[in-house]
file run-v9.pdb (PDB, C-alpha atoms)
ATOM      1  CA  MET A   5     -12.439  35.587 -10.348
ATOM      2  CA  ARG A   6      -9.204  33.713 -10.775
ATOM      3  CA  ILE A   7      -8.468  30.468  -9.006
ATOM      4  CA  THR A   8      -5.884  27.722  -9.395
ATOM      5  CA  VAL A   9      -7.058  24.144  -9.849
ATOM      6  CA  ASN A  10      -4.467  21.378  -9.761
ATOM      7  CA  GLY A  11      -1.720  23.824 -10.614
ATOM      8  CA  GLU A  12      -3.573  25.418 -13.556
ATOM      9  CA  PRO A  13      -4.970  28.959 -13.407
ATOM     10  CA  ARG A  14      -8.678  29.235 -14.213
ATOM     11  CA  GLN A  15     -11.192  32.021 -14.617
ATOM     12  CA  VAL A  16     -14.526  31.186 -12.993
ATOM     13  CA  ALA A  17     -17.746  33.015 -12.187
ATOM     14  CA  ASP A  18     -17.976  34.893  -8.887
ATOM     15  CA  ASP A  19     -19.993  33.378  -6.058
ATOM     16  CA  LEU A  20     -19.383  29.808  -7.122
ATOM     17  CA  THR A  21     -19.542  26.983  -4.594
ATOM     18  CA  LEU A  22     -17.113  24.082  -4.696
ATOM     19  CA  MET A  23     -19.883  21.696  -5.680
ATOM     20  CA  GLN A  24     -20.854  23.974  -8.588
ATOM     21  CA  LEU A  25     -17.232  24.039  -9.725
ATOM     22  CA  LEU A  26     -17.010  20.231  -9.584
ATOM     23  CA  GLN A  27     -20.169  20.024 -11.678
ATOM     24  CA  LYS A  28     -18.736  22.507 -14.185
ATOM     25  CA  LEU A  29     -15.605  20.365 -14.384
ATOM     26  CA  ASP A  30     -17.803  17.337 -14.971
ATOM     27  CA  LEU A  31     -16.481  15.532 -11.919
ATOM     28  CA  VAL A  32     -18.377  12.943  -9.942
ATOM     29  CA  VAL A  33     -17.899  13.425  -6.238
ATOM     30  CA  GLU A  34     -17.293   9.752  -5.602
ATOM     31  CA  ARG A  35     -13.719   8.800  -4.630
ATOM     32  CA  ILE A  36     -12.329  12.287  -4.899
ATOM     33  CA  ALA A  37     -11.051  14.696  -2.284
ATOM     34  CA  VAL A  38     -10.828  18.461  -2.467
ATOM     35  CA  GLU A  39      -8.345  20.713  -0.735
ATOM     36  CA  GLN A  40      -8.979  24.456  -0.648
ATOM     37  CA  ASN A  41      -5.902  26.476   0.313
ATOM     38  CA  ARG A  42      -4.431  23.348   1.942
ATOM     39  CA  GLN A  43      -7.567  22.656   3.992
ATOM     40  CA  ILE A  44      -9.572  19.558   3.170
ATOM     41  CA  VAL A  45     -13.207  20.330   2.453
ATOM     42  CA  PRO A  46     -15.320  17.417   3.672
ATOM     43  CA  ARG A  47     -17.754  15.970   1.170
ATOM     44  CA  SER A  48     -20.693  17.153   3.249
ATOM     45  CA  GLN A  49     -19.548  20.781   3.008
ATOM     46  CA  LEU A  50     -18.850  20.934  -0.734
ATOM     47  CA  ALA A  51     -22.283  22.344  -1.551
ATOM     48  CA  ALA A  52     -22.038  25.130   1.012
ATOM     49  CA  GLN A  53     -18.373  26.036   0.590
ATOM     50  CA  LYS A  54     -17.871  29.235  -1.454
ATOM     51  CA  LEU A  55     -14.850  29.930  -3.616
ATOM     52  CA  SER A  56     -12.871  33.131  -3.262
ATOM     53  CA  ASP A  57     -10.603  34.976  -5.662
ATOM     54  CA  GLY A  58      -7.079  33.547  -5.516
ATOM     55  CA  ASP A  59      -8.140  30.177  -4.064
ATOM     56  CA  VAL A  60      -5.766  27.300  -4.690
ATOM     57  CA  LEU A  61      -7.545  23.972  -5.105
ATOM     58  CA  GLU A  62      -6.254  20.445  -5.292
ATOM     59  CA  ILE A  63      -8.674  17.808  -6.539
ATOM     60  CA  VAL A  64      -7.342  14.278  -6.221
ATOM     61  CA  THR A  65      -8.450  10.742  -6.823
ATOM     62  CA  PHE A  66      -6.926   7.271  -6.722
ATOM     63  CA  VAL A  67      -4.685   5.920  -9.484
ATOM     64  CA  GLY A  68      -2.804   2.668  -9.899
ATOM     65  CA  GLY A  69       0.083   2.331  -7.521
ATOM     66  CA  GLY A  70       2.022  -0.097  -5.403
ATOM     67  CA  SER A  71       5.146   1.339  -3.934
ATOM     68  CA  HIS A  72       6.477   4.646  -5.177
ATOM     69  CA  ALA A  73       4.159   4.472  -8.153
TER      70      ALA A  73
ATOM     71  CA  MET B   4      -3.780 -27.026   9.309
ATOM     72  CA  PRO B   5      -5.951 -24.337  10.929
ATOM     73  CA  ASP B   6      -4.651 -20.825  10.542
ATOM     74  CA  THR B   7      -5.583 -17.511  12.039
ATOM     75  CA  LYS B   8      -6.640 -14.598   9.868
ATOM     76  CA  LEU B   9      -4.431 -11.676   9.025
ATOM     77  CA  LYS B  10      -5.532  -8.890  11.361
ATOM     78  CA  ILE B  11      -4.703  -5.297  10.452
ATOM     79  CA  GLY B  12      -6.127  -2.723  12.830
ATOM     80  CA  ASP B  13      -9.652  -3.920  13.480
ATOM     81  CA  ARG B  14     -10.078  -5.679  10.127
ATOM     82  CA  GLU B  15      -9.466  -9.356   9.350
ATOM     83  CA  PHE B  16      -8.430 -10.927   6.049
ATOM     84  CA  ASP B  17      -8.273 -14.496   4.752
ATOM     85  CA  SER B  18      -5.653 -13.627   2.135
ATOM     86  CA  ARG B  19      -2.128 -12.808   3.235
ATOM     87  CA  MET B  20      -1.210 -11.021   0.038
ATOM     88  CA  ILE B  21      -1.552  -7.306  -0.640
ATOM     89  CA  VAL B  22      -1.293  -6.439  -4.330
ATOM     90  CA  GLY B  23      -0.274  -3.128  -5.847
ATOM     91  CA  THR B  24      -2.088  -1.749  -8.881
ATOM     92  CA  GLY B  25       0.760   0.159 -10.531
ATOM     93  CA  LYS B  26       2.731  -0.602 -13.701
ATOM     94  CA  TYR B  27       0.141  -2.756 -15.464
ATOM     95  CA  ALA B  28       0.220  -2.467 -19.237
ATOM     96  CA  ASP B  29      -3.450  -3.429 -19.444
ATOM     97  CA  LEU B  30      -6.085  -2.839 -16.753
ATOM     98  CA  HIS B  31      -8.151  -5.828 -17.850
ATOM     99  CA  VAL B  32      -5.099  -7.987 -17.197
ATOM    100  CA  MET B  33      -4.726  -6.251 -13.826
ATOM    101  CA  ALA B  34      -8.298  -7.143 -12.887
ATOM    102  CA  ARG B  35      -7.676 -10.796 -13.781
ATOM    103  CA  ALA B  36      -4.349 -10.827 -11.937
ATOM    104  CA  LEU B  37      -5.990  -9.420  -8.798
ATOM    105  CA  GLU B  38      -8.588 -12.161  -9.002
ATOM    106  CA  ALA B  39      -5.956 -14.869  -9.534
ATOM    107  CA  SER B  40      -3.910 -13.608  -6.572
ATOM    108  CA  GLY B  41      -6.822 -14.110  -4.182
ATOM    109  CA  THR B  42      -5.953 -10.783  -2.568
ATOM    110  CA  GLN B  43      -8.445  -8.790  -0.525
ATOM    111  CA  ILE B  44      -6.371  -5.627  -0.236
ATOM    112  CA  VAL B  45      -5.108  -3.571  -3.164
ATOM    113  CA  THR B  46      -2.949  -0.485  -2.929
ATOM    114  CA  VAL B  47      -3.642   2.703  -4.862
ATOM    115  CA  ALA B  48      -1.873   6.034  -5.073
ATOM    116  CA  VAL B  49      -3.364   9.510  -4.625
ATOM    117  CA  ARG B  50      -2.916  11.896  -7.541
ATOM    118  CA  ARG B  51      -4.416  15.029  -9.062
ATOM    119  CA  ILE B  52      -7.392  14.358 -11.296
ATOM    120  CA  ASP B  53      -6.465  14.984 -14.920
ATOM    121  CA  LEU B  54      -8.908  17.733 -15.858
ATOM    122  CA  SER B  55      -7.884  17.792 -19.507
ATOM    123  CA  ASP B  56      -8.452  14.098 -20.170
ATOM    124  CA  LYS B  57     -11.466  12.478 -18.604
ATOM    125  CA  SER B  58     -11.864   9.985 -21.414
ATOM    126  CA  SER B  59      -9.698   7.303 -19.884
ATOM    127  CA  LYS B  60     -11.516   5.116 -17.407
ATOM    128  CA  SER B  61     -10.428   5.338 -13.796
ATOM    129  CA  ILE B  62      -8.568   2.378 -12.372
ATOM    130  CA  LEU B  63     -11.365   2.145  -9.815
ATOM    131  CA  HIS B  64     -13.585   0.927 -12.608
ATOM    132  CA  TYR B  65     -11.541  -2.283 -12.621
ATOM    133  CA  ILE B  66     -11.475  -2.818  -8.848
ATOM    134  CA  ASP B  67     -14.663  -4.244  -7.333
ATOM    135  CA  PRO B  68     -15.126  -2.401  -4.010
ATOM    136  CA  ASP B  69     -17.153  -5.289  -2.575
ATOM    137  CA  ARG B  70     -14.290  -7.650  -3.160
ATOM    138  CA  TYR B  71     -11.177  -5.596  -2.475
ATOM    139  CA  MET B  72     -10.375  -3.096   0.209
ATOM    140  CA  LEU B  73      -8.583  -0.052  -1.192
ATOM    141  CA  LEU B  74      -5.392   0.723   0.688
ATOM    142  CA  PRO B  75      -4.197   4.197  -0.341
ATOM    143  CA  ASN B  76      -0.488   4.896  -0.102
ATOM    144  CA  THR B  77       1.597   8.026   0.228
ATOM    145  CA  ALA B  78       3.894   6.963  -2.614
ATOM    146  CA  GLY B  79       5.836   9.819  -4.119
ATOM    147  CA  CYS B  80       6.148  11.715  -0.824
ATOM    148  CA  TYR B  81       9.567  12.796   0.409
ATOM    149  CA  THR B  82       8.606  14.666   3.580
ATOM    150  CA  ALA B  83       6.403  13.935   6.585
ATOM    151  CA  ASP B  84       4.294  17.002   5.751
ATOM    152  CA  ASP B  85       3.539  15.777   2.225
ATOM    153  CA  ALA B  86       2.781  12.263   3.477
ATOM    154  CA  VAL B  87       0.361  13.546   6.137
ATOM    155  CA  ARG B  88      -1.330  15.825   3.607
ATOM    156  CA  THR B  89      -1.678  12.943   1.139
ATOM    157  CA  ALA B  90      -3.035  10.613   3.834
ATOM    158  CA  ARG B  91      -5.690  13.140   4.814
ATOM    159  CA  LEU B  92      -6.784  13.493   1.183
ATOM    160  CA  ALA B  93      -6.844   9.715   0.826
ATOM    161  CA  ARG B  94      -9.062   9.370   3.886
ATOM    162  CA  GLU B  95     -11.481  11.936   2.520
ATOM    163  CA  ALA B  96     -11.550  10.314  -0.927
ATOM    164  CA  GLY B  97     -11.649   6.736   0.282
ATOM    165  CA  MET B  98     -13.575   7.111   3.490
ATOM    166  CA  SER B  99     -11.249   4.707   5.255
ATOM    167  CA  ASP B 100      -8.603   5.515   7.838
ATOM    168  CA  MET B 101      -6.093   2.924   6.645
ATOM    169  CA  ILE B 102      -2.957   4.307   5.019
ATOM    170  CA  LYS B 103       0.216   2.739   3.711
ATOM    171  CA  LEU B 104       2.778   5.256   4.837
ATOM    172  CA  GLU B 105       5.676   5.636   2.477
ATOM    173  CA  VAL B 106       8.198   8.473   2.716
ATOM    174  CA  ILE B 107      11.043   8.068   0.264
ATOM    175  CA  GLY B 108      14.524   9.227   1.208
ATOM    176  CA  ASP B 109      16.539   8.459  -1.902
ATOM    177  CA  ASP B 110      15.680   8.275  -5.589
ATOM    178  CA  LEU B 111      18.113   5.578  -6.620
ATOM    179  CA  THR B 112      17.252   3.014  -3.974
ATOM    180  CA  LEU B 113      13.743   4.277  -3.131
ATOM    181  CA  MET B 114      14.641   3.458   0.460
ATOM    182  CA  PRO B 115      12.427   5.041   3.105
ATOM    183  CA  ASP B 116      13.474   8.134   5.038
ATOM    184  CA  PRO B 117      13.377   6.888   8.641
ATOM    185  CA  VAL B 118      13.231  10.332  10.279
ATOM    186  CA  GLU B 119      10.360  11.595   8.127
ATOM    187  CA  THR B 120       8.558   8.241   8.366
ATOM    188  CA  VAL B 121       8.557   8.389  12.178
ATOM    189  CA  LYS B 122       7.396  12.027  12.136
ATOM    190  CA  ALA B 123       4.539  11.240   9.748
ATOM    191  CA  ALA B 124       3.537   8.072  11.632
ATOM    192  CA  GLU B 125       3.321   9.982  14.925
ATOM    193  CA  GLN B 126       1.063  12.621  13.421
ATOM    194  CA  LEU B 127      -1.174  10.202  11.530
ATOM    195  CA  ILE B 128      -1.628   7.878  14.509
ATOM    196  CA  LYS B 129      -2.557  10.924  16.599
ATOM    197  CA  GLU B 130      -5.206  11.738  13.961
ATOM    198  CA  GLY B 131      -6.712   8.265  14.230
ATOM    199  CA  PHE B 132      -5.257   6.690  11.099
ATOM    200  CA  THR B 133      -4.457   2.983  10.913
ATOM    201  CA  VAL B 134      -0.866   3.275   9.729
ATOM    202  CA  LEU B 135       1.018   0.634   7.740
ATOM    203  CA  PRO B 136       4.544   2.011   7.466
ATOM    204  CA  TYR B 137       7.052   1.068   4.781
ATOM    205  CA  ILE B 138      10.472   0.744   6.429
ATOM    206  CA  SER B 139      13.919  -0.583   5.727
ATOM    207  CA  ASP B 140      14.739  -4.061   7.092
ATOM    208  CA  ASP B 141      15.828  -2.425  10.324
ATOM    209  CA  PRO B 142      14.699  -4.005  13.603
ATOM    210  CA  VAL B 143      15.165  -0.740  15.519
ATOM    211  CA  MET B 144      12.844   1.149  13.161
ATOM    212  CA  ALA B 145      10.378  -1.737  13.330
ATOM    213  CA  LEU B 146      10.219  -1.563  17.132
ATOM    214  CA  LYS B 147      10.065   2.220  17.134
ATOM    215  CA  LEU B 148       7.058   2.242  14.815
ATOM    216  CA  GLN B 149       5.403  -0.590  16.710
ATOM    217  CA  ASP B 150       5.774   1.395  19.945
ATOM    218  CA  LEU B 151       4.278   4.448  18.253
ATOM    219  CA  GLY B 152       1.192   2.383  17.431
ATOM    220  CA  ALA B 153       1.685   1.306  13.822
ATOM    221  CA  ALA B 154      -0.816  -1.370  12.755
ATOM    222  CA  THR B 155       1.784  -3.376  10.832
ATOM    223  CA  ILE B 156       5.480  -3.356  10.132
ATOM    224  CA  MET B 157       6.327  -3.424   6.428
ATOM    225  CA  PRO B 158      10.042  -3.981   5.942
ATOM    226  CA  ILE B 159      11.517  -4.154   2.482
ATOM    227  CA  GLY B 160      12.809  -7.493   1.267
ATOM    228  CA  ALA B 161      14.917  -5.637  -1.299
ATOM    229  CA  PRO B 162      14.583  -2.246  -3.044
ATOM    230  CA  ILE B 163      11.223  -1.535  -4.706
ATOM    231  CA  GLY B 164      10.957  -3.104  -8.144
ATOM    232  CA  SER B 165      14.378  -4.780  -7.857
ATOM    233  CA  GLY B 166      13.037  -8.341  -7.720
ATOM    234  CA  GLN B 167      16.041  -9.459  -5.687
ATOM    235  CA  GLY B 168      14.108 -11.384  -3.055
ATOM    236  CA  ILE B 169      14.790 -11.086   0.657
ATOM    237  CA  GLN B 170      18.315  -9.749   1.063
ATOM    238  CA  ASN B 171      18.705  -9.755   4.830
ATOM    239  CA  LEU B 172      17.068 -12.886   6.204
ATOM    240  CA  SER B 173      18.513 -12.316   9.678
ATOM    241  CA  ASN B 174      17.036  -8.848  10.023
ATOM    242  CA  ILE B 175      13.629  -9.977   8.813
ATOM    243  CA  ARG B 176      13.770 -12.875  11.308
ATOM    244  CA  ILE B 177      14.661 -10.506  14.138
ATOM    245  CA  ILE B 178      11.808  -8.184  13.155
ATOM    246  CA  ILE B 179       9.366 -11.112  13.134
ATOM    247  CA  GLU B 180      10.579 -12.346  16.519
ATOM    248  CA  ARG B 181      10.167  -8.962  18.147
ATOM    249  CA  ALA B 182       7.002  -7.740  16.436
ATOM    250  CA  LYS B 183       3.627  -7.919  18.116
ATOM    251  CA  VAL B 184       1.882  -6.517  15.043
ATOM    252  CA  PRO B 185       1.791  -8.237  11.634
ATOM    253  CA  VAL B 186       5.024  -8.165   9.624
ATOM    254  CA  ILE B 187       4.379  -7.784   5.910
ATOM    255  CA  VAL B 188       7.336  -7.861   3.543
ATOM    256  CA  ASP B 189       6.908  -4.948   1.171
ATOM    257  CA  ALA B 190       8.944  -4.686  -1.997
ATOM    258  CA  GLY B 191      11.702  -6.671  -3.653
ATOM    259  CA  VAL B 192       9.767  -9.871  -4.248
ATOM    260  CA  GLY B 193      10.589 -11.114  -7.753
ATOM    261  CA  THR B 194       9.106 -14.571  -8.005
ATOM    262  CA  ALA B 195       7.213 -17.256  -6.119
ATOM    263  CA  SER B 196      10.206 -18.648  -4.214
ATOM    264  CA  ASP B 197      10.911 -15.173  -2.760
ATOM    265  CA  VAL B 198       7.371 -15.153  -1.385
ATOM    266  CA  ALA B 199       7.733 -18.668  -0.022
ATOM    267  CA  VAL B 200      10.964 -17.683   1.775
ATOM    268  CA  ALA B 201       9.234 -14.701   3.398
ATOM    269  CA  MET B 202       6.286 -16.784   4.538
ATOM    270  CA  GLU B 203       8.459 -19.679   5.763
ATOM    271  CA  LEU B 204      10.342 -17.216   7.943
ATOM    272  CA  GLY B 205       7.036 -16.384   9.612
ATOM    273  CA  CYS B 206       6.051 -13.164   7.907
ATOM    274  CA  ASP B 207       2.339 -12.512   8.249
ATOM    275  CA  GLY B 208       1.978 -11.422   4.655
ATOM    276  CA  VAL B 209       3.615  -9.953   1.572
ATOM    277  CA  LEU B 210       2.942  -6.956  -0.643
ATOM    278  CA  ILE B 211       3.623  -7.474  -4.329
ATOM    279  CA  ASN B 212       3.312  -5.104  -7.250
ATOM    280  CA  THR B 213       6.084  -5.156  -9.839
ATOM    281  CA  GLY B 214       6.689  -8.915  -9.485
ATOM    282  CA  ILE B 215       3.177  -9.548 -10.790
ATOM    283  CA  ALA B 216       2.509  -6.456 -12.919
ATOM    284  CA  GLN B 217       5.697  -6.720 -14.977
ATOM    285  CA  ALA B 218       5.814 -10.513 -15.340
ATOM    286  CA  LYS B 219       5.355 -11.765 -18.895
ATOM    287  CA  ASP B 220       2.073 -13.298 -17.790
ATOM    288  CA  PRO B 221       0.777 -11.328 -14.787
ATOM    289  CA  VAL B 222      -2.205 -13.651 -14.268
ATOM    290  CA  GLY B 223       0.041 -16.727 -14.211
ATOM    291  CA  MET B 224       2.477 -15.027 -11.844
ATOM    292  CA  ALA B 225      -0.353 -13.881  -9.554
ATOM    293  CA  THR B 226      -1.459 -17.513  -9.309
ATOM    294  CA  ALA B 227       2.108 -18.638  -8.571
ATOM    295  CA  MET B 228       2.424 -15.968  -5.872
ATOM    296  CA  ARG B 229      -0.853 -17.082  -4.253
ATOM    297  CA  LEU B 230       0.319 -20.701  -4.165
ATOM    298  CA  ALA B 231       3.677 -19.591  -2.747
ATOM    299  CA  VAL B 232       1.985 -17.602   0.036
ATOM    300  CA  ASP B 233      -0.073 -20.674   0.928
ATOM    301  CA  ALA B 234       2.875 -23.080   0.637
ATOM    302  CA  GLY B 235       5.207 -20.865   2.658
ATOM    303  CA  ARG B 236       2.604 -20.199   5.330
ATOM    304  CA  LEU B 237       1.783 -23.906   5.683
ATOM    305  CA  ALA B 238       5.481 -24.786   5.900
ATOM    306  CA  PHE B 239       5.922 -22.171   8.627
ATOM    307  CA  LEU B 240       2.955 -23.475  10.617
ATOM    308  CA  SER B 241       4.089 -27.079  10.153
ATOM    309  CA  GLY B 242       7.529 -26.469  11.654
ATOM    310  CA  ARG B 243      10.530 -27.212   9.475
ATOM    311  CA  ILE B 244      13.335 -29.578  10.535
ATOM    312  CA  PRO B 245      16.510 -27.967  11.809
ATOM    313  CA  LYS B 246      19.350 -27.455   9.337
ATOM    314  CA  ARG B 247      22.366 -29.724   9.946
ATOM    315  CA  LEU B 248      25.906 -29.711   8.661
ATOM    316  CA  TYR B 249      26.106 -33.514   8.220
ATOM    317  CA  ALA B 250      23.761 -36.132   6.837
ATOM    318  CA  LYS B 251      21.222 -38.012   8.931
ATOM    319  CA  ALA B 252      20.069 -41.294   7.406
ATOM    320  CA  SER B 253      16.365 -41.524   6.744
ATOM    321  CA  SER B 254      16.383 -45.348   6.422
ATOM    322  CA  PRO B 255      16.945 -47.609   9.459
ATOM    323  CA  THR B 256      20.606 -48.342  10.156
ATOM    324  CA  GLU B 257      19.736 -51.627  11.913
ATOM    325  CA  GLY B 258      19.073 -54.923  10.069
ATOM    326  CA  LEU B 259      21.374 -54.259   7.163
ATOM    327  CA  ILE B 260      22.284 -57.448   5.241
ATOM    328  CA  GLY B 261      25.772 -58.927   5.384
ATOM    329  CA  LYS B 262      26.511 -57.636   8.887
TER     330      LYS B 262
END
call {"tool": "encode", "arguments": {"input": "run-v9.pdb", "output": "structure tokens"}}
result
Amino acid sequence: MRITVNGEPRQVADDLTLMQLLQKLDLVVERIAVEQNRQIVPRSQLAAQKLSDGDVLEIVTFVGGGSHA
Amino acid sequence: MPDTKLKIGDREFDSRMIVGTGKYADLHVMARALEASGTQIVTVAVRRIDLSDKSSKSILHYIDPDRYMLLPNTAGCYTADDAVRTARLAREAGMSDMIKLEVIGDDLTLMPDPVETVKAAEQLIKEGFTVLPYISDDPVMALKLQDLGAATIMPIGAPIGSGQGIQNLSNIRIIIERAKVPVIVDAGVGTASDVAVAMELGCDGVLINTGIAQAKDPVGMATAMRLAVDAGRLAFLSGRIPKRLYAKASSPTEGLIGK
């Protein structure tokens, strides 16, 4: 299926969970947040949450910044 | 002289300086500057993870979580909706409900959008966030946000990154007089004397990023800023003499010879 991750289209296997996707992307779950179709997916639900075709994901973390950085 | 701690929401801090982590040329220097500043709160921004380049070390690698509290901001947001969305992501990523609310209204001045800031603050406070709003040096906005339940008032001293120091002393004084929550001057601080002025006025704290990060020697400037916070705070607590138009002799005027 096709999903969009941080603005980039991606082809991924069907039946993937969010946690499996994060592992595929080599991301550590610490200090990140995931939004699926504009809904935040709490850390505790990442392992259970399935992806669907056409999903739009935002995966964010913290970067350096003061004001308007 | 005994001093109270800086209280933001339900947390207390010994340091009265918040330091931003943007614009550092070298993250090792940033880590040393943070240490030299004595700060206990550092601001960070929320951004997409770069999925193509995971080689560069995250800034979080240089910020000891036992020593510094991360204060995420909504920098880069221009609408209340974007700011609320960013704050929610920050809470999930940082597991803290404190957010520095920043909604920009103009690219040239980077001044806050007051309408969107109030809208976002209302929503975030309703959702249980501890909101630290970035505002112009406007006493009406300060009171409005205080009444909404903001944890601090963060008026600009001067535009972000401008290093002009506090431009409207009267407005900042009025904000301090009327505020029941901490007043933290955010932005515009260029050097130690700017910090001292803010603290002498009675500000509860200052937020500094560019002034330290872009100094020739950020570690030296961070030290100077720390000393200025302490000096200004102590001067405020000690009660300055009133300003006068004419001189007042400081030696006795009695017992002069030849009289």
call {"tool": "closest_atom_pairs", "arguments": {"input": "run-v9.pdb", "of": "chain A", "to": "chain B", "cutoff": "9 Å", "atoms": "all atoms listed in the file", "output": "Markdown table"}}
result
| residue | atom | partner | partner_atom | distance |
| --- | --- | --- | --- | --- |
| A:Val9 | CA | B:Leu54 | CA | 9.0 |
| A:Asn10 | CA | B:Arg51 | CA | 6.4 |
| A:Leu29 | CA | B:Leu54 | CA | 7.3 |
| A:Asp30 | CA | B:Lys57 | CA | 8.8 |
| A:Leu31 | CA | B:Leu54 | CA | 8.8 |
| A:Val33 | CA | B:Ala96 | CA | 8.8 |
| A:Glu34 | CA | B:Ala96 | CA | 7.4 |
| A:Arg35 | CA | B:Ala96 | CA | 4.6 |
| A:Ile36 | CA | B:Ala96 | CA | 4.5 |
| A:Ala37 | CA | B:Ala96 | CA | 4.6 |
| A:Val38 | CA | B:Leu92 | CA | 7.4 |
| A:Glu39 | CA | B:Leu92 | CA | 7.6 |
| A:Arg42 | CA | B:Arg88 | CA | 8.3 |
| A:Ile44 | CA | B:Leu92 | CA | 7.0 |
| A:Val45 | CA | B:Glu95 | CA | 8.6 |
| A:Pro46 | CA | B:Glu95 | CA | 6.8 |
| A:Arg47 | CA | B:Glu95 | CA | 7.6 |
| A:Glu62 | CA | B:Arg51 | CA | 6.9 |
| A:Ile63 | CA | B:Arg51 | CA | 5.7 |
| A:Val64 | CA | B:Arg51 | CA | 4.1 |
| A:Thr65 | CA | B:Val49 | CA | 5.7 |
| A:Phe66 | CA | B:Val49 | CA | 4.7 |
| A:Val67 | CA | B:Ala48 | CA | 5.2 |
| A:Gly68 | CA | B:Gly25 | CA | 4.4 |
| A:Gly69 | CA | B:Gly25 | CA | 3.8 |
| A:Gly70 | CA | B:Gly23 | CA | 3.8 |
| A:Ser71 | CA | B:Ala78 | CA | 5.9 |
| A:His72 | CA | B:Ala78 | CA | 4.3 |
| A:Ala73 | CA | B:Gly25 | CA | 6.0 |
call {"tool": "atom_distance", "arguments": {"input": "run-v9.pdb", "atom1": "CA of Tyr81 (chain B)", "atom2": "CA of Pro158 (chain B)"}}
result
17.7 Å
call {"tool": "resolve_selection", "arguments": {"input": "run-v9.pdb", "expression": "the PyMOL selection byres ((chain B and resi 10) around 10)", "output": "MDAnalysis selection string"}}
result
chainID B and resid 7:9 11:17 19 154:155 184:185 207
call {"tool": "atom_distance", "arguments": {"input": "run-v9.pdb", "atom1": "CA of Asn171 (chain B)", "atom2": "CA of Val192 (chain B)"}}
result
12.7 Å
call {"tool": "residues_around", "arguments": {"input": "run-v9.pdb", "residues": "Lys54 (chain A)", "least_positions_apart": "4", "cutoff": "9 Å", "atoms": "only C-alpha atoms", "output": "PyMOL selection string"}}
result
chain A and resi 19-23+50
call {"tool": "write_last_selection", "arguments": {"input": "run-v9.pdb", "atoms": "C-alpha atoms", "output": "PDB file, in the frame of the given file"}}
result
ATOM      1  CA  ASP A  19     -19.993  33.378  -6.058  1.00  0.00           C
ATOM      2  CA  LEU A  20     -19.383  29.808  -7.122  1.00  0.00           C
ATOM      3  CA  THR A  21     -19.542  26.983  -4.594  1.00  0.00           C
ATOM      4  CA  LEU A  22     -17.113  24.082  -4.696  1.00  0.00           C
ATOM      5  CA  MET A  23     -19.883  21.696  -5.680  1.00  0.00           C
ATOM      6  CA  LEU A  50     -18.850  20.934  -0.734  1.00  0.00           C
TER       7      LEU A  50
END
call {"tool": "resolve_selection", "arguments": {"input": "run-v9.pdb", "expression": "the PyMOL selection byres ((chain B and resi 232) around 12)", "output": "PyMOL selection string"}}
result
chain B and resi 17-21+40-42+187-188+192+194-211+225-231+233-239
call {"tool": "resolve_selection", "arguments": {"input": "run-v9.pdb", "expression": "the PyMOL selection byres ((chain A and resi 7) around 12)", "output": "JSON, numbers by chain"}}
result
{"A": [5, 6, 8, 9, 10, 11, 12, 13, 14, 15, 16, 17, 18, 20, 22, 25, 40, 41, 55, 56, 57, 58, 59, 60, 61, 62]}
call {"tool": "decode", "arguments": {"input": "run-v9.pdb", "residues": "region 5-15 of chain A", "atoms": "N, CA and C atoms", "output": "PDB file, in the first residue's frame"}}
result
ATOM      1  N   MET A   5       0.848  -1.211   0.000  1.00  0.00           N
ATOM      2  CA  MET A   5       0.000   0.000   0.000  1.00  0.00           C
ATOM      3  C   MET A   5       0.878   1.254   0.000  1.00  0.00           C
ATOM      4  N   ARG A   6       0.214   2.361  -0.335  1.00  0.00           N
ATOM      5  CA  ARG A   6       0.948   3.618  -0.418  1.00  0.00           C
ATOM      6  C   ARG A   6       0.586   4.521   0.759  1.00  0.00           C
ATOM      7  N   ILE A   7       1.581   5.032   1.412  1.00  0.00           N
ATOM      8  CA  ILE A   7       1.329   5.984   2.489  1.00  0.00           C
ATOM      9  C   ILE A   7       2.247   7.201   2.285  1.00  0.00           C
ATOM     10  N   THR A   8       1.993   8.236   3.030  1.00  0.00           N
ATOM     11  CA  THR A   8       2.857   9.420   2.974  1.00  0.00           C
ATOM     12  C   THR A   8       3.477   9.633   4.354  1.00  0.00           C
ATOM     13  N   VAL A   9       4.794   9.690   4.386  1.00  0.00           N
ATOM     14  CA  VAL A   9       5.491   9.897   5.661  1.00  0.00           C
ATOM     15  C   VAL A   9       6.287  11.200   5.577  1.00  0.00           C
ATOM     16  N   ASN A  10       5.983  12.109   6.427  1.00  0.00           N
ATOM     17  CA  ASN A  10       6.650  13.423   6.435  1.00  0.00           C
ATOM     18  C   ASN A  10       6.711  14.052   5.039  1.00  0.00           C
ATOM     19  N   GLY A  11       5.596  13.976   4.360  1.00  0.00           N
ATOM     20  CA  GLY A  11       5.482  14.628   3.053  1.00  0.00           C
ATOM     21  C   GLY A  11       5.972  13.804   1.890  1.00  0.00           C
ATOM     22  N   GLU A  12       6.616  12.647   2.165  1.00  0.00           N
ATOM     23  CA  GLU A  12       7.171  11.821   1.080  1.00  0.00           C
ATOM     24  C   GLU A  12       6.312  10.570   0.880  1.00  0.00           C
ATOM     25  N   PRO A  13       5.947  10.290  -0.380  1.00  0.00           N
ATOM     26  CA  PRO A  13       5.189   9.043  -0.615  1.00  0.00           C
ATOM     27  C   PRO A  13       6.085   7.819  -0.408  1.00  0.00           C
ATOM     28  N   ARG A  14       5.485   6.748   0.139  1.00  0.00           N
ATOM     29  CA  ARG A  14       6.229   5.521   0.380  1.00  0.00           C
ATOM     30  C   ARG A  14       5.361   4.315   0.097  1.00  0.00           C
ATOM     31  N   GLN A  15       5.990   3.271  -0.393  1.00  0.00           N
ATOM     32  CA  GLN A  15       5.300   2.004  -0.627  1.00  0.00           C
ATOM     33  C   GLN A  15       5.674   1.088   0.542  1.00  0.00           C
TER      34      GLN A  15
END
